[in-house]
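Source file: start-v3.cif; contents: mmCIF, C-alpha atoms.
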data_run
#
loop_
_atom_site.label_atom_id
_atom_site.label_comp_id
_atom_site.auth_asym_id
_atom_site.auth_seq_id
_atom_site.Cartn_x
_atom_site.Cartn_y
_atom_site.Cartn_z
CA MET A 4 119.09 86.50 135.47
CA LYS A 5 116.61 87.83 132.89
CA TYR A 6 119.31 87.80 130.22
CA LEU A 7 120.26 84.20 131.00
CA ILE A 8 116.62 83.06 130.85
CA GLY A 9 116.06 85.10 127.68
CA ILE A 10 119.08 83.59 125.92
CA ILE A 11 117.92 80.10 126.94
CA GLY A 12 114.46 80.97 125.61
CA LEU A 13 115.96 82.14 122.31
CA ILE A 14 117.90 78.89 121.99
CA VAL A 15 114.78 76.85 122.81
CA VAL A 16 112.62 78.63 120.20
CA LEU A 17 115.24 78.24 117.48
CA GLY A 18 115.95 74.67 118.64
CA ILE A 19 112.29 73.67 118.31
CA ALA A 20 112.28 75.10 114.78
CA TRP A 21 115.48 73.14 114.05
CA ILE A 22 113.93 69.88 115.27
CA ALA A 23 110.88 70.44 113.05
CA SER A 24 113.00 71.35 110.01
CA ASN A 25 112.23 69.62 106.70
CA ASP A 26 115.92 69.48 105.76
CA ARG A 27 118.51 70.68 108.30
CA ARG A 28 121.33 70.42 105.77
CA LYS A 29 119.83 73.24 103.70
CA VAL A 30 119.49 75.73 106.57
CA LYS A 31 121.51 78.91 105.87
CA PHE A 32 122.96 80.19 109.13
CA LYS A 33 124.48 83.49 107.95
CA PRO A 34 121.19 85.21 106.93
CA ILE A 35 119.51 83.89 110.09
CA ILE A 36 122.19 85.42 112.31
CA ILE A 37 122.03 88.71 110.39
CA MET A 38 118.24 88.88 110.77
CA ILE A 39 118.38 88.12 114.51
CA VAL A 40 120.89 90.95 114.97
CA LEU A 41 118.59 93.24 112.95
CA GLN A 42 115.69 92.27 115.21
CA PHE A 43 117.63 93.35 118.29
CA ILE A 44 118.71 96.64 116.69
CA LEU A 45 115.27 97.53 115.31
CA GLY A 46 113.49 96.41 118.46
CA PHE A 47 115.75 98.60 120.60
CA ILE A 48 115.18 101.63 118.36
CA LEU A 49 111.42 101.17 118.20
CA LEU A 50 111.00 100.70 121.95
CA ASN A 51 113.19 103.67 122.81
CA THR A 52 112.38 106.28 120.17
CA SER A 53 109.21 107.84 118.80
CA ALA A 54 110.39 107.91 115.17
CA GLY A 55 109.29 104.36 114.39
CA ASN A 56 105.93 104.84 116.07
CA TRP A 57 105.35 108.04 114.11
CA LEU A 58 106.14 106.34 110.80
CA ILE A 59 104.00 103.24 111.32
CA GLY A 60 101.24 105.31 112.89
CA GLY A 61 101.12 107.49 109.79
CA ILE A 62 100.83 104.45 107.52
CA ALA A 63 98.11 103.00 109.75
CA ASP A 64 96.17 106.27 109.53
CA GLY A 65 96.42 106.05 105.74
CA PHE A 66 94.92 102.59 105.69
CA GLY A 67 92.30 103.74 108.15
CA LYS A 68 91.22 106.27 105.53
CA LEU A 69 91.01 103.50 102.93
CA LEU A 70 88.78 101.47 105.26
CA SER A 71 86.54 104.50 105.74
CA TYR A 72 86.14 104.70 101.97
CA ALA A 73 85.36 100.98 101.88
CA ALA A 74 82.73 101.55 104.58
CA GLU A 75 80.96 103.99 102.27
CA GLY A 76 80.34 101.19 99.76
CA VAL A 77 79.40 98.66 102.44
CA ASN A 78 76.98 101.06 104.12
CA PHE A 79 75.36 101.94 100.80
CA VAL A 80 74.44 98.26 100.28
CA PHE A 81 74.00 97.03 103.87
CA GLY A 82 73.29 100.23 105.82
CA GLY A 83 70.86 99.71 108.70
CA ILE A 84 71.45 95.97 109.11
CA VAL A 85 73.66 96.38 112.18
CA ASN A 86 72.28 98.08 115.30
CA THR A 87 73.83 101.39 116.31
CA GLY A 88 76.94 100.85 118.41
CA GLN A 89 77.31 97.24 117.27
CA MET A 90 79.79 95.71 114.82
CA SER A 91 79.44 92.94 112.26
CA PHE A 92 82.69 91.08 111.58
CA PHE A 93 81.58 90.24 108.04
CA LEU A 94 80.53 93.80 107.16
CA SER A 95 83.32 95.65 108.96
CA VAL A 96 86.29 93.33 108.47
CA LEU A 97 85.65 91.04 105.50
CA LEU A 98 83.68 93.09 103.00
CA PRO A 99 86.33 95.85 102.82
CA ILE A 100 88.43 93.16 101.11
CA VAL A 101 86.34 93.91 98.01
CA PHE A 102 87.61 97.50 97.96
CA ILE A 103 91.22 96.50 98.72
CA SER A 104 91.00 93.93 95.93
CA ALA A 105 89.80 96.63 93.52
CA LEU A 106 92.81 98.78 94.44
CA ILE A 107 95.11 95.81 93.88
CA GLY A 108 93.58 95.30 90.44
CA ILE A 109 94.26 98.93 89.57
CA LEU A 110 97.86 98.67 90.80
CA GLN A 111 98.33 95.48 88.80
CA HIS A 112 96.85 97.04 85.66
CA TRP A 113 99.15 100.05 85.95
CA ARG A 114 102.14 97.71 86.51
CA ILE A 115 102.88 99.26 89.91
CA LEU A 116 102.70 96.03 91.95
CA PRO A 117 105.10 94.12 89.65
CA PHE A 118 107.54 97.01 90.09
CA ILE A 119 107.23 96.74 93.89
CA ILE A 120 107.66 92.97 93.75
CA LYS A 121 110.86 93.33 91.76
CA TYR A 122 112.67 95.92 93.85
CA ILE A 123 111.44 95.30 97.40
CA GLY A 124 111.81 91.58 96.80
CA LEU A 125 115.34 92.08 95.50
CA ALA A 126 116.38 94.19 98.51
CA LEU A 127 115.00 91.81 101.13
CA SER A 128 116.16 88.66 99.37
CA LYS A 129 119.73 89.95 99.70
CA ILE A 130 119.26 89.82 103.46
CA ASN A 131 117.15 86.71 104.01
CA GLY A 132 118.56 84.45 101.28
CA MET A 133 115.06 83.70 99.98
CA GLY A 134 113.35 84.35 96.67
CA LYS A 135 112.04 87.73 95.56
CA LEU A 136 108.43 86.55 95.62
CA GLU A 137 108.72 85.30 99.21
CA SER A 138 110.27 88.59 100.28
CA TYR A 139 107.64 90.68 98.53
CA ASN A 140 104.84 88.53 99.95
CA ALA A 141 106.01 89.09 103.52
CA VAL A 142 105.96 92.87 103.10
CA ALA A 143 102.67 92.77 101.21
CA SER A 144 101.12 90.65 103.98
CA ALA A 145 102.04 93.32 106.52
CA ILE A 146 100.34 95.95 104.36
CA LEU A 147 97.43 94.22 102.63
CA GLY A 148 96.51 91.46 105.10
CA GLN A 149 96.51 87.68 105.09
CA SER A 150 93.52 87.37 102.74
CA GLU A 151 94.12 90.26 100.38
CA VAL A 152 97.81 89.48 99.81
CA PHE A 153 97.00 86.34 97.84
CA ILE A 154 94.95 88.37 95.40
CA SER A 155 98.11 90.32 94.56
CA VAL A 156 99.94 87.10 93.62
CA LYS A 157 96.95 85.16 92.30
CA LYS A 158 98.47 84.66 88.86
CA GLU A 159 101.57 83.04 90.43
CA LEU A 160 99.72 80.78 92.90
CA GLY A 161 99.13 77.94 90.48
CA LEU A 162 102.82 77.78 89.54
CA LEU A 163 104.24 77.51 93.07
CA PRO A 164 105.55 74.21 94.49
CA LYS A 165 104.44 73.16 97.97
CA HIS A 166 107.53 74.42 99.83
CA ARG A 167 107.33 77.94 98.38
CA LEU A 168 103.57 78.07 98.98
CA TYR A 169 104.21 77.22 102.64
CA THR A 170 106.57 80.18 103.04
CA LEU A 171 104.04 82.57 101.49
CA CYS A 172 101.27 81.33 103.79
CA ALA A 173 103.57 81.40 106.84
CA SER A 174 104.36 85.07 106.16
CA ALA A 175 100.65 85.85 105.91
CA MET A 176 99.96 84.20 109.27
CA SER A 177 102.97 85.70 111.07
CA THR A 178 102.24 89.33 110.24
CA VAL A 179 99.23 91.64 110.61
CA SER A 180 97.70 93.99 108.08
CA MET A 181 98.10 97.75 108.22
CA SER A 182 94.33 98.06 107.92
CA ILE A 183 93.82 96.89 111.51
CA VAL A 184 96.94 98.32 113.14
CA GLY A 185 94.88 101.30 114.29
CA SER A 186 92.42 98.93 116.02
CA TYR A 187 95.29 97.18 117.79
CA MET A 188 96.60 100.53 119.04
CA VAL A 189 93.31 101.12 120.85
CA LEU A 190 93.88 97.95 122.89
CA LEU A 191 97.69 97.95 123.19
CA LYS A 192 100.38 100.59 123.48
CA PRO A 193 101.37 101.75 119.97
CA GLU A 194 105.08 101.07 120.52
CA TYR A 195 104.35 97.39 121.17
CA VAL A 196 102.24 97.10 118.03
CA VAL A 197 104.88 98.78 115.87
CA THR A 198 107.71 96.72 117.36
CA ALA A 199 105.87 93.43 116.82
CA LEU A 200 104.98 94.40 113.26
CA VAL A 201 108.63 94.94 112.33
CA LEU A 202 110.11 92.04 114.32
CA ASN A 203 107.52 89.57 113.00
CA LEU A 204 108.52 90.42 109.44
CA PHE A 205 112.08 89.23 110.05
CA GLY A 206 110.95 86.52 112.48
CA GLY A 207 108.85 84.98 109.74
CA PHE A 208 111.90 84.75 107.50
CA ILE A 209 114.00 83.26 110.31
CA ILE A 210 111.56 80.52 111.31
CA ALA A 211 110.66 79.67 107.69
CA SER A 212 114.38 79.47 106.83
CA ILE A 213 114.82 76.85 109.55
CA VAL A 214 111.55 74.91 109.36
CA ASN A 215 111.20 75.00 105.58
CA PRO A 216 114.65 75.58 103.98
CA TYR A 217 115.07 75.37 100.22
CA GLU A 218 117.00 76.81 97.34
CA VAL A 219 115.35 79.04 94.76
CA THR A 220 117.06 78.87 91.39
CA GLU A 221 117.48 81.94 89.22
CA GLN A 222 114.88 80.58 86.81
CA GLU A 223 112.35 79.99 89.60
CA ASP A 224 113.03 83.36 91.18
CA ILE A 225 112.13 85.23 87.99
CA LEU A 226 108.87 83.29 87.81
CA GLU A 227 107.75 84.58 84.44
CA VAL A 228 103.97 84.38 84.24
CA LYS A 229 102.39 84.17 80.82
CA GLU A 230 100.43 87.32 80.16
CA GLU A 231 96.73 86.89 79.57
CA ALA A 232 94.83 88.64 76.80
CA LYS A 233 95.00 92.40 77.17
CA GLN A 234 92.11 93.67 79.28
CA SER A 235 90.65 97.11 79.58
CA PHE A 236 90.81 99.02 82.85
CA PHE A 237 87.18 98.30 83.72
CA GLU A 238 87.49 94.61 82.84
CA VAL A 239 90.40 94.29 85.28
CA LEU A 240 88.56 96.30 87.91
CA GLY A 241 85.45 94.12 87.63
CA GLU A 242 87.53 90.94 87.79
CA TYR A 243 89.35 91.96 90.95
CA ILE A 244 86.17 93.21 92.62
CA MET A 245 84.60 89.79 92.10
CA ASP A 246 87.80 88.07 93.28
CA GLY A 247 87.67 90.15 96.45
CA PHE A 248 84.03 89.24 97.05
CA LYS A 249 84.79 85.52 96.57
CA VAL A 250 87.62 85.76 99.09
CA ALA A 251 85.38 87.55 101.62
CA VAL A 252 82.57 84.99 101.35
CA THR A 253 84.92 81.99 101.41
CA VAL A 254 86.79 83.29 104.43
CA ALA A 255 83.49 83.95 106.24
CA ALA A 256 82.39 80.36 105.68
CA MET A 257 85.71 78.96 106.91
CA LEU A 258 85.61 81.18 110.01
CA ILE A 259 82.12 80.01 110.93
CA GLY A 260 83.24 76.39 110.81
CA PHE A 261 86.54 76.83 112.68
CA VAL A 262 85.20 79.08 115.44
CA ALA A 263 82.26 76.71 116.02
CA ILE A 264 84.54 73.67 116.25
CA ILE A 265 86.81 75.43 118.77
CA ALA A 266 83.75 76.37 120.86
CA MET A 267 82.65 72.72 120.84
CA ILE A 268 86.13 71.54 121.93
CA ASN A 269 86.12 74.06 124.78
CA ALA A 270 82.72 72.76 125.94
CA ILE A 271 83.88 69.14 125.81
CA PHE A 272 87.00 69.88 127.85
CA SER A 273 84.98 71.86 130.38
CA GLY A 274 82.55 68.98 130.79
CA ILE A 275 85.24 66.31 131.19
CA PHE A 276 88.06 68.10 133.00
CA GLY A 277 86.29 71.03 134.61
CA LEU A 278 88.35 73.58 132.67
CA SER A 279 88.22 74.73 129.08
CA PHE A 280 90.70 73.86 126.39
CA GLN A 281 92.00 77.45 126.56
CA GLU A 282 92.55 77.26 130.33
CA LEU A 283 94.38 73.96 129.94
CA LEU A 284 96.60 75.51 127.28
CA GLY A 285 97.41 78.30 129.72
CA TYR A 286 99.27 75.79 131.88
CA VAL A 287 100.91 74.31 128.79
CA PHE A 288 102.06 77.76 127.67
CA ALA A 289 103.32 78.81 131.12
CA PRO A 290 106.86 77.33 130.74
CA PHE A 291 107.21 79.02 127.34
CA ALA A 292 105.99 82.32 128.78
CA PHE A 293 108.63 81.97 131.48
CA LEU A 294 111.38 81.27 128.95
CA VAL A 295 110.57 84.38 126.90
CA GLY A 296 110.95 86.54 130.00
CA VAL A 297 107.69 86.47 131.98
CA PRO A 298 108.28 86.02 135.74
CA TRP A 299 107.08 82.63 136.95
CA ASP A 300 104.42 84.11 139.26
CA GLU A 301 102.80 85.70 136.18
CA ALA A 302 103.53 82.89 133.70
CA VAL A 303 100.26 80.92 134.01
CA LYS A 304 98.05 83.99 133.51
CA ALA A 305 100.27 85.21 130.67
CA GLY A 306 100.18 81.74 129.14
CA SER A 307 96.39 81.74 129.34
CA ILE A 308 96.20 84.99 127.35
CA MET A 309 98.65 83.59 124.80
CA ALA A 310 96.56 80.45 124.51
CA THR A 311 93.36 82.48 124.15
CA LYS A 312 94.91 84.23 121.16
CA MET A 313 95.90 80.94 119.56
CA VAL A 314 92.56 79.14 119.92
CA SER A 315 90.33 82.15 119.22
CA ASN A 316 91.91 85.32 117.82
CA GLU A 317 94.14 88.21 118.81
CA PHE A 318 91.26 90.63 119.41
CA VAL A 319 89.75 88.41 122.12
CA ALA A 320 93.13 88.07 123.82
CA MET A 321 93.92 91.79 123.55
CA THR A 322 90.56 92.64 125.10
CA ASP A 323 91.25 90.21 127.95
CA LEU A 324 94.65 91.80 128.52
CA LYS A 325 93.22 95.33 128.47
CA ASN A 326 90.15 94.67 130.63
CA GLY A 327 91.47 91.95 132.93
CA ASN A 328 92.84 92.71 136.39
CA PHE A 329 96.10 90.86 135.87
CA ASN A 330 98.34 93.53 137.41
CA PHE A 331 101.18 92.46 135.14
CA SER A 332 104.54 94.17 135.40
CA GLY A 333 105.53 96.49 132.57
CA ARG A 334 107.91 93.89 131.15
CA THR A 335 105.29 91.14 131.17
CA THR A 336 102.78 93.48 129.51
CA ALA A 337 105.30 94.28 126.77
CA ILE A 338 106.13 90.61 126.17
CA VAL A 339 102.50 89.47 126.07
CA SER A 340 101.47 92.45 123.92
CA VAL A 341 103.99 91.79 121.15
CA PHE A 342 103.12 88.09 121.24
CA LEU A 343 99.48 88.92 120.49
CA VAL A 344 100.23 91.02 117.40
CA SER A 345 100.00 88.35 114.71
CA PHE A 346 97.41 86.19 112.97
CA ALA A 347 98.80 82.97 114.49
CA ASN A 348 95.60 81.21 115.57
CA PHE A 349 93.47 78.26 114.54
CA SER A 350 90.92 80.33 112.66
CA SER A 351 93.69 81.79 110.47
CA ILE A 352 94.24 78.31 109.06
CA GLY A 353 90.72 78.51 107.68
CA ILE A 354 91.15 82.11 106.54
CA ILE A 355 94.36 81.44 104.61
CA ALA A 356 93.20 78.12 103.17
CA GLY A 357 89.90 79.70 102.19
CA ALA A 358 91.58 82.72 100.58
CA VAL A 359 93.91 80.54 98.51
CA LYS A 360 91.14 78.09 97.64
CA SER A 361 88.92 80.88 96.35
CA LEU A 362 91.67 81.83 93.89
CA ASN A 363 93.11 78.39 93.10
CA ASP A 364 91.17 75.33 94.22
CA LYS A 365 94.09 72.89 93.94
CA GLN A 366 96.50 75.04 95.93
CA GLY A 367 93.83 75.68 98.56
CA ILE A 368 93.73 71.94 99.25
CA VAL A 369 97.53 71.88 99.59
CA VAL A 370 97.42 74.74 102.12
CA ALA A 371 94.72 73.01 104.19
CA ARG A 372 96.92 69.91 104.47
CA PHE A 373 99.83 71.76 106.07
CA GLY A 374 97.59 74.09 108.10
CA LEU A 375 98.77 72.89 111.53
CA LYS A 376 102.39 73.27 110.51
CA LEU A 377 101.60 76.84 109.44
CA LEU A 378 100.21 77.59 112.90
CA PHE A 379 103.21 75.91 114.52
CA GLY A 380 105.67 78.07 112.56
CA ALA A 381 103.73 81.31 113.05
CA THR A 382 103.47 80.66 116.81
CA LEU A 383 107.24 80.20 116.96
CA VAL A 384 107.57 83.58 115.23
CA SER A 385 105.44 85.16 117.99
CA PHE A 386 107.56 83.50 120.67
CA LEU A 387 110.74 84.67 118.95
CA THR A 388 109.49 88.27 118.88
CA ALA A 389 108.43 88.03 122.53
CA THR A 390 111.87 86.68 123.47
CA ILE A 391 113.66 89.56 121.70
CA VAL A 392 111.46 92.11 123.50
CA GLY A 393 112.01 90.33 126.81
CA LEU A 394 115.75 90.73 126.36
CA ILE A 395 115.77 94.40 125.32
CA TYR A 396 112.92 95.75 127.49
#
Re-express the file's structure as structure tokens.
Amino acid sequence: MKYLIGIIGLIVVLGIAWIASNDRRKVKFKPIIIMIVLQFILGFILLNTSAGNWLIGGIADGFGKLLSYAAEGVNFVFGGIVNTGQMSFFLSVLLPIVFISALIGILQHWRILPFIIKYIGLALSKINGMGKLESYNAVASAILGQSEVFISVKKELGLLPKHRLYTLCASAMSTVSMSIVGSYMVLLKPEYVVTALVLNLFGGFIIASIVNPYEVTEQEDILEVKEEAKQSFFEVLGEYIMDGFKVAVTVAAMLIGFVAIIAMINAIFSGIFGLSFQELLGYVFAPFAFLVGVPWDEAVKAGSIMATKMVSNEFVAMTDLKNGNFNFSGRTTAIVSVFLVSFANFSSIGIIAGAVKSLNDKQGIVVARFGLKLLFGATLVSFLTATIVGLIY
């Protein structure tokens, strides 16, 4: 029965994406089928072997080291502001962007990032049928994060049409950055985090290929950017450090606004209906939770956690899952866990729009306009990953 429900769930998720497609005639079915098959193969390997966990865990440890170096700079300037044992989101999560941005500037100056864009983009574009930049951006998002990744393509942002910009932003919202994978592994089993990380990469391509299909010509795919005047190493470093700081401050401002608005909506719903917006969404999400493999007697609670992630963030939902007395079955825990590993939530609309706006004001406005469609697509990616796991668990 679980396989029948899972297959129906897979058809429903892809069907919803098909209904929302900008141009169904341009959808390429062959790469979509190939990527779905790859999801099943990779998901099976990652959930049944330790090799994948070891590899991703090693990379996560590496980025954990980078964050510890970033903390040295943050503590030098802001040390003593936060009470012992407490955490500041701005200091601990956003300000390290400055350090990551500096590293990106160094990699750009040494021509290492362009090399990565060319060859990783080429390899993935052979599979997904998309452009090299879109393929690179998806991988970079999973390594650098949804804010930092735009710094790495900042010189291309102003040249991108709306449909290509959507795909880049959708990749950033569908994946998670390596810098916080270690934090996720404290709250969830590592194999679920690793599996979601890999499946979301291909899931982002699949959903974007259906919702936002387009052709990239050879001329567009090269995307030659006019070189600026030659800069010295320290000029580039200073420029990228300031870019990183602008992204951090802009994202902080957008988060304050979005989180406050969501809190207000929750209060309004509680006052009128006697239950919060998140609780109401739990009932809305229950049928979808059932279709991706959650037993019906656990679907409402699972749907509530899924909804919590969407209207707040994944850390709140992961904490609820870890600390709550839900008594979920192992399969339900696996399905809900992989669903939570992405940046698909309302606040990410503000983060991504703010990150792009800080680098290119005009394109930031464009991103804000299709923000809800970004969340829609990224949520479908999470459901697709959850469905795959429900079938192979």
Exercise for review: Evaluate the PyMOL selection byres ((chain A and resi 15) around 12) and record the selected residues as a PyMOL selection string, following the chain and residue labels used in the document.
Suggested key: chain A and resi 8-14+16-22+290-295+383+386-387+390
Revision key, fill the gap. Among A:Lys33, A:Arg167, A:Lys5, A:Lys233, A:Val219 is approached most closely, using all atoms listed in the file, by A:Arg167
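Evaluated against this file, the PyMOL selection byres ((chain A and resi 205) around 9) yields Met38, Ile39, Leu41, Gln42, Asn131, Ala141, Val201, Leu202, Asn203, Leu204, Gly206, Gly207, Phe208, Ile209, Ile210 and Val384 of chain A.
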**Study point:** Result set of the PyMOL selection byres ((chain A and resi 247) around 8) on the coordinates above, as an MDAnalysis selection string
**Key:** chainID A and resid 100:105 151 154 243:246 248:251
Exercise for review: Could you check how far atom CA of A:Met309 sits from atom CA of A:Ile36, in Å to one decimal?
Suggested key: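 That distance, rounded to one decimal, is 26.7 Å.
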Check your understanding: Which residues come within 10 Å of A:Val339, counting all atoms listed in the file, excluding same-chain residues fewer than 4 positions away, as number ranges by chain?
Key -> A: 195, 292, 295-297, 305-306, 308-309, 320-321, 324, 331, 334-335, 343-344, 385-386, 389, 392-393
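Counting all atoms listed in the file, the residue from A:Phe276, A:Phe342, A:Phe92, A:Trp299 that sits nearest to A:Ala255 is A:Phe92.
Between atom CA of A:Arg27 and atom CA of A:Ile213 the separation is 7.3 Å.
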Point to revise | Among the residues A:Asn140, A:Asn269, A:Asn215, A:Ser345, the one that comes closest to A:Asp26 [using all atoms listed in the file] | key: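 The closest residue to A:Asp26 is A:Asn215.
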Practice item. Would you work out the distance separating atom CA of A:Gly132 from atom CA of A:Pro34, expressed in Å to one decimal? Key: 6.3 Å
